[in-house]
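A.B. asks: Below are the structure tokens for one structure; questions will follow.
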Amino acid sequence: MIEYLHDPIVFTVVCGLVGLCVGSFLNVVIHRLPKMLEAQWQAEAAEMRGEEPPAAPRFNLATPRSRCPHCGHVITSLENIPLVSYIALGGKCSHCKARISPRYPIVELVTGLLSAAVAWHFGYGWAAAGGIVFVWAMVALTFIDLDTFLLPDNITLPLLWLGLLLNLWDTFVPLQTAVIGAMAGYLSLWSIYWLFKIVTGKEGMGYGDFKLLGAIGAWLGWQTLPVVILLSSVVGAVVGISLIVFRKHGREVPIPFGPYLAAAGVLALFFGSSLARLFIPA
């Protein structure tokens, strides 16, 4: 079987199918991880107050089984096949016929397509394996931030360390470049945060954004950071202005920055070297 994976087409298809399945799991992560963190914070706060943590049923990424949020119907294995089940069910719960959010198949499809694209771009090897994990993390972080304005340390910090680990063997960039990228990524947004806060007295972004850019720098090196910051800022500004103009989005209502950083990080994974040369000529 391994020898067949060296064929670019076979490898791309296999990674795309695996990505679809992982996308289904990422839907669980996106929904449950913030709730798990909230329960953990509440338990820690109760402990600090000298109180007993509130009793709660077991809740993690595996337990309980996924259910329809409208009627509580337990999702069966046949109803949980990526993309296929959503299409077969007509986008509705098999029990109560309530509409299933189209975001579930969108996450699956995006994860599958990105996984296939990474496999095709890098070919069989560690770079493809690492790149696929990278895009999986970007997908999860994007949708968690859109929902909760959180970029959990449970994802960003392991991602940073994994990037440095892979670059011990120059998988994407030399280790020195990766270490500088991690530091520069974190400190650049940290500096902007504090400058904005000193000038305006307001917080312009969260610490999760610093860690995410640090992780991107650890994977792709410091040379890609200007590209990532520029792309994410331009897209974020365009989206923010569009929301204010067309959807009457209040200027005081925060807009998550993580999705734009994640999208720029994925673009840099594919085209970072070429784009970086626009800013830092060889």
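A note on labels: chains of the structure tokens are A, B, ... as shown, every chain counts residues from 1, and ligands are counted from 1 in their shown order.
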For Gly23 in chain A, find every residue with an atom within 12 Å (counting only C-alpha atoms), except residues of its own chain fewer than 4 positions away, and show them as a PyMOL selection string.
C.D. replies: chain A and resi 15-19+27-30+80-83+103-115+132-133+135-140+143
A.B. asks: Would you put the residues from that selection into a file with N, CA, C and O atoms, as a compact mmCIF listing (two decimals), in the first residue's frame?
C.D. replies:
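What ended up in result.txt:
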```
# COMPACT_ATOMS: atom_id res chain seq x y z
N CYS A 15 -5.32 11.63 0.76
CA CYS A 15 -5.26 12.73 1.73
C CYS A 15 -6.54 13.55 1.73
O CYS A 15 -7.00 14.01 2.78
N GLY A 16 -7.15 13.71 0.55
CA GLY A 16 -8.42 14.42 0.49
C GLY A 16 -9.52 13.68 1.24
O GLY A 16 -10.32 14.29 1.97
N LEU A 17 -9.57 12.35 1.07
CA LEU A 17 -10.58 11.56 1.78
C LEU A 17 -10.35 11.58 3.29
O LEU A 17 -11.30 11.68 4.08
N VAL A 18 -9.07 11.45 3.68
CA VAL A 18 -8.75 11.55 5.11
C VAL A 18 -9.15 12.92 5.64
O VAL A 18 -9.69 13.06 6.75
N GLY A 19 -8.90 13.95 4.84
CA GLY A 19 -9.27 15.30 5.25
C GLY A 19 -10.76 15.47 5.46
O GLY A 19 -11.20 16.16 6.38
N ASN A 27 -15.48 19.46 13.26
CA ASN A 27 -16.77 20.04 13.65
C ASN A 27 -17.04 19.80 15.13
O ASN A 27 -17.59 20.66 15.82
N VAL A 28 -16.66 18.62 15.61
CA VAL A 28 -16.82 18.31 17.04
C VAL A 28 -15.89 19.19 17.87
O VAL A 28 -16.30 19.75 18.89
N VAL A 29 -14.65 19.32 17.43
CA VAL A 29 -13.68 20.15 18.16
C VAL A 29 -14.17 21.59 18.22
O VAL A 29 -14.13 22.23 19.29
N ILE A 30 -14.62 22.12 17.09
CA ILE A 30 -15.08 23.51 17.03
C ILE A 30 -16.23 23.75 17.99
O ILE A 30 -16.30 24.79 18.66
N ASN A 80 -23.42 10.08 9.70
CA ASN A 80 -22.25 10.89 10.01
C ASN A 80 -21.13 10.72 8.97
O ASN A 80 -19.98 11.01 9.25
N ILE A 81 -21.49 10.22 7.78
CA ILE A 81 -20.51 10.09 6.71
C ILE A 81 -20.26 11.48 6.12
O ILE A 81 -21.22 12.14 5.70
N PRO A 82 -19.02 11.94 6.07
CA PRO A 82 -18.75 13.31 5.60
C PRO A 82 -19.38 13.59 4.23
O PRO A 82 -19.29 12.77 3.32
N LEU A 83 -20.05 14.71 4.12
CA LEU A 83 -20.71 15.21 2.91
C LEU A 83 -21.84 14.30 2.45
O LEU A 83 -22.95 14.77 2.20
N ARG A 103 -22.87 24.67 7.67
CA ARG A 103 -21.47 24.85 8.05
C ARG A 103 -20.77 23.51 8.28
O ARG A 103 -19.57 23.38 8.06
N TYR A 104 -21.52 22.49 8.70
CA TYR A 104 -20.90 21.19 8.94
C TYR A 104 -20.29 20.62 7.66
O TYR A 104 -19.11 20.27 7.64
N PRO A 105 -21.05 20.53 6.56
CA PRO A 105 -20.40 20.04 5.33
C PRO A 105 -19.37 21.01 4.77
O PRO A 105 -18.41 20.59 4.10
N ILE A 106 -19.54 22.30 5.03
CA ILE A 106 -18.55 23.27 4.55
C ILE A 106 -17.20 23.02 5.21
O ILE A 106 -16.15 23.02 4.55
N VAL A 107 -17.21 22.79 6.53
CA VAL A 107 -15.96 22.50 7.24
C VAL A 107 -15.33 21.22 6.70
O VAL A 107 -14.11 21.15 6.48
N GLU A 108 -16.15 20.21 6.48
CA GLU A 108 -15.64 18.95 5.94
C GLU A 108 -15.03 19.15 4.56
O GLU A 108 -13.93 18.66 4.27
N LEU A 109 -15.75 19.87 3.70
CA LEU A 109 -15.28 20.07 2.33
C LEU A 109 -14.00 20.90 2.30
O LEU A 109 -13.04 20.56 1.59
N VAL A 110 -13.96 21.98 3.06
CA VAL A 110 -12.77 22.83 3.09
C VAL A 110 -11.57 22.04 3.60
O VAL A 110 -10.46 22.13 3.03
N THR A 111 -11.78 21.25 4.65
CA THR A 111 -10.68 20.47 5.21
C THR A 111 -10.19 19.43 4.20
O THR A 111 -8.98 19.25 4.04
N GLY A 112 -11.11 18.77 3.51
CA GLY A 112 -10.72 17.79 2.51
C GLY A 112 -9.98 18.42 1.35
O GLY A 112 -8.95 17.89 0.90
N LEU A 113 -10.47 19.55 0.84
CA LEU A 113 -9.83 20.21 -0.29
C LEU A 113 -8.44 20.73 0.07
O LEU A 113 -7.49 20.59 -0.71
N LEU A 114 -8.32 21.32 1.25
CA LEU A 114 -7.01 21.83 1.67
C LEU A 114 -6.02 20.69 1.87
O LEU A 114 -4.85 20.81 1.52
N SER A 115 -6.50 19.58 2.44
CA SER A 115 -5.62 18.42 2.64
C SER A 115 -5.12 17.90 1.30
O SER A 115 -3.93 17.58 1.13
N ILE A 132 -0.48 19.25 6.20
CA ILE A 132 -1.88 18.85 6.39
C ILE A 132 -2.31 19.12 7.83
O ILE A 132 -3.42 19.63 8.07
N VAL A 133 -1.47 18.79 8.78
CA VAL A 133 -1.80 19.09 10.18
C VAL A 133 -1.95 20.60 10.37
O VAL A 133 -2.84 21.08 11.10
N VAL A 135 -2.97 22.88 8.16
CA VAL A 135 -4.24 23.40 7.66
C VAL A 135 -5.41 22.91 8.50
O VAL A 135 -6.40 23.63 8.67
N TRP A 136 -5.31 21.70 9.07
CA TRP A 136 -6.37 21.25 9.97
C TRP A 136 -6.49 22.20 11.16
O TRP A 136 -7.59 22.58 11.55
N ALA A 137 -5.35 22.57 11.72
CA ALA A 137 -5.37 23.50 12.86
C ALA A 137 -5.94 24.85 12.46
O ALA A 137 -6.71 25.46 13.21
N MET A 138 -5.59 25.33 11.26
CA MET A 138 -6.10 26.62 10.80
C MET A 138 -7.62 26.60 10.64
O MET A 138 -8.30 27.57 10.97
N VAL A 139 -8.15 25.50 10.13
CA VAL A 139 -9.60 25.39 9.98
C VAL A 139 -10.28 25.43 11.34
O VAL A 139 -11.26 26.17 11.55
N ALA A 140 -9.78 24.65 12.28
CA ALA A 140 -10.39 24.61 13.62
C ALA A 140 -10.32 25.98 14.28
O ALA A 140 -11.31 26.47 14.84
N PHE A 143 -12.88 28.69 12.79
CA PHE A 143 -14.30 28.61 13.16
C PHE A 143 -14.52 28.78 14.66
O PHE A 143 -15.55 29.31 15.08
```
A.B. asks: Write out as a ChimeraX atom specification all residues of range 26-273 of chain A that DSSP puts in alpha helix (DSSP H) for this structure's backbone.
C.D. replies: /A:26-48,84-88,103-122,126-148,153-166,175-200,207-220,225-246,258-273
A.B. asks: Rounded to one decimal, what separation in Å do you get between CA of His95 in chain A and CA of Ser77 in chain A?
C.D. replies: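 About the pair CA of His95 in chain A and CA of Ser77 in chain A: they are 14.6 Å apart.
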A.B. asks: List the neighbours of Arg99 in chain A out to 10 Å using only C-alpha atoms; skip same-chain residues closer than 6 positions along the sequence, and give me the result as a tab-separated table (two decimals) with N, CA and C atoms, in the first residue's frame.
C.D. replies:
```
chain	number	residue	atom	x	y	z
A	68	CYS	N	-28.70	15.69	17.53
A	68	CYS	CA	-29.39	16.81	16.90
A	68	CYS	C	-29.65	17.86	17.98
A	70	HIS	N	-31.82	20.06	18.07
A	70	HIS	CA	-33.23	20.40	18.18
A	70	HIS	C	-34.04	19.35	18.92
A	89	LEU	N	-29.51	13.15	3.44
A	89	LEU	CA	-30.57	13.58	4.35
A	89	LEU	C	-31.23	14.88	3.91
A	90	GLY	N	-30.74	15.46	2.83
A	90	GLY	CA	-31.32	16.71	2.36
A	90	GLY	C	-31.05	17.87	3.30
A	91	GLY	N	-29.97	17.74	4.09
A	91	GLY	CA	-29.63	18.82	5.01
A	91	GLY	C	-30.58	18.93	6.19
A	92	LYS	N	-31.27	17.81	6.53
A	92	LYS	CA	-32.23	17.84	7.63
A	92	LYS	C	-32.01	16.66	8.56
A	93	CYS	N	-32.40	16.81	9.81
A	93	CYS	CA	-32.33	15.73	10.78
A	93	CYS	C	-33.28	14.61	10.35
```
A.B. asks: Need to verify the contact set: range 217-226 of chain A, 6 Å, only C-alpha atoms, exclusion of same-chain residues closer than 5 positions in sequence. Can you return it as a ChimeraX atom specification?
C.D. replies: /A:160,163-164,177-179,181-182,185,272,276
A.B. asks: Produce a file of the selected residues containing all heavy atoms, as a compact mmCIF listing (two decimals), in the first residue's frame.
C.D. replies:
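Okay, this is what ended up in part33.txt:
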```txt
# COMPACT_ATOMS: atom_id res chain seq x y z
N LEU A 160 2.73 25.63 17.58
CA LEU A 160 4.03 26.33 17.57
C LEU A 160 5.18 25.36 17.79
O LEU A 160 6.16 25.35 17.04
CB LEU A 160 4.02 27.43 18.64
CG LEU A 160 5.22 28.37 18.69
CD1 LEU A 160 4.80 29.72 19.25
CD2 LEU A 160 6.38 27.82 19.53
N GLY A 163 5.77 23.04 14.83
CA GLY A 163 6.47 23.70 13.75
C GLY A 163 7.97 23.74 13.98
O GLY A 163 8.77 23.47 13.07
N LEU A 164 8.38 24.07 15.21
CA LEU A 164 9.81 24.09 15.52
C LEU A 164 10.40 22.68 15.42
O LEU A 164 11.53 22.50 14.94
CB LEU A 164 10.02 24.65 16.93
CG LEU A 164 9.67 26.13 17.12
CD1 LEU A 164 9.88 26.53 18.58
CD2 LEU A 164 10.51 27.02 16.21
N THR A 177 15.69 30.20 11.29
CA THR A 177 14.64 31.03 10.69
C THR A 177 13.30 30.79 11.39
O THR A 177 12.53 31.73 11.60
CB THR A 177 14.51 30.70 9.19
OG1 THR A 177 15.75 30.96 8.55
CG2 THR A 177 13.42 31.52 8.54
N ALA A 178 13.03 29.54 11.76
CA ALA A 178 11.78 29.20 12.44
C ALA A 178 11.72 29.81 13.84
O ALA A 178 10.69 30.34 14.26
CB ALA A 178 11.62 27.69 12.51
N VAL A 179 12.83 29.73 14.57
CA VAL A 179 12.87 30.29 15.93
C VAL A 179 12.68 31.80 15.89
O VAL A 179 11.89 32.36 16.66
CB VAL A 179 14.19 29.92 16.63
CG1 VAL A 179 14.31 30.65 17.95
CG2 VAL A 179 14.28 28.41 16.84
N GLY A 181 11.20 33.37 13.55
CA GLY A 181 9.82 33.58 13.12
C GLY A 181 8.84 33.48 14.28
O GLY A 181 7.89 34.26 14.36
N ALA A 182 9.05 32.51 15.17
CA ALA A 182 8.16 32.36 16.33
C ALA A 182 8.24 33.59 17.23
O ALA A 182 7.21 34.12 17.68
CB ALA A 182 8.53 31.10 17.10
N GLY A 185 6.90 36.74 15.24
CA GLY A 185 5.45 36.68 15.08
C GLY A 185 4.72 37.10 16.34
O GLY A 185 3.78 37.90 16.29
N GLY A 272 4.36 31.16 0.20
CA GLY A 272 5.11 32.05 1.07
C GLY A 272 6.45 32.49 0.49
O GLY A 272 6.81 33.67 0.57
N ALA A 276 7.21 36.25 -0.21
CA ALA A 276 8.21 36.88 0.65
C ALA A 276 9.26 37.63 -0.17
O ALA A 276 9.79 38.66 0.29
CB ALA A 276 8.88 35.82 1.52
```
A.B. asks: Let's see if you can do this: from backbone DSSP, list all strand (DSSP E or B) residues in range 51-172 of chain A, as a ChimeraX atom specification.
C.D. replies: /A:67,74,92,99
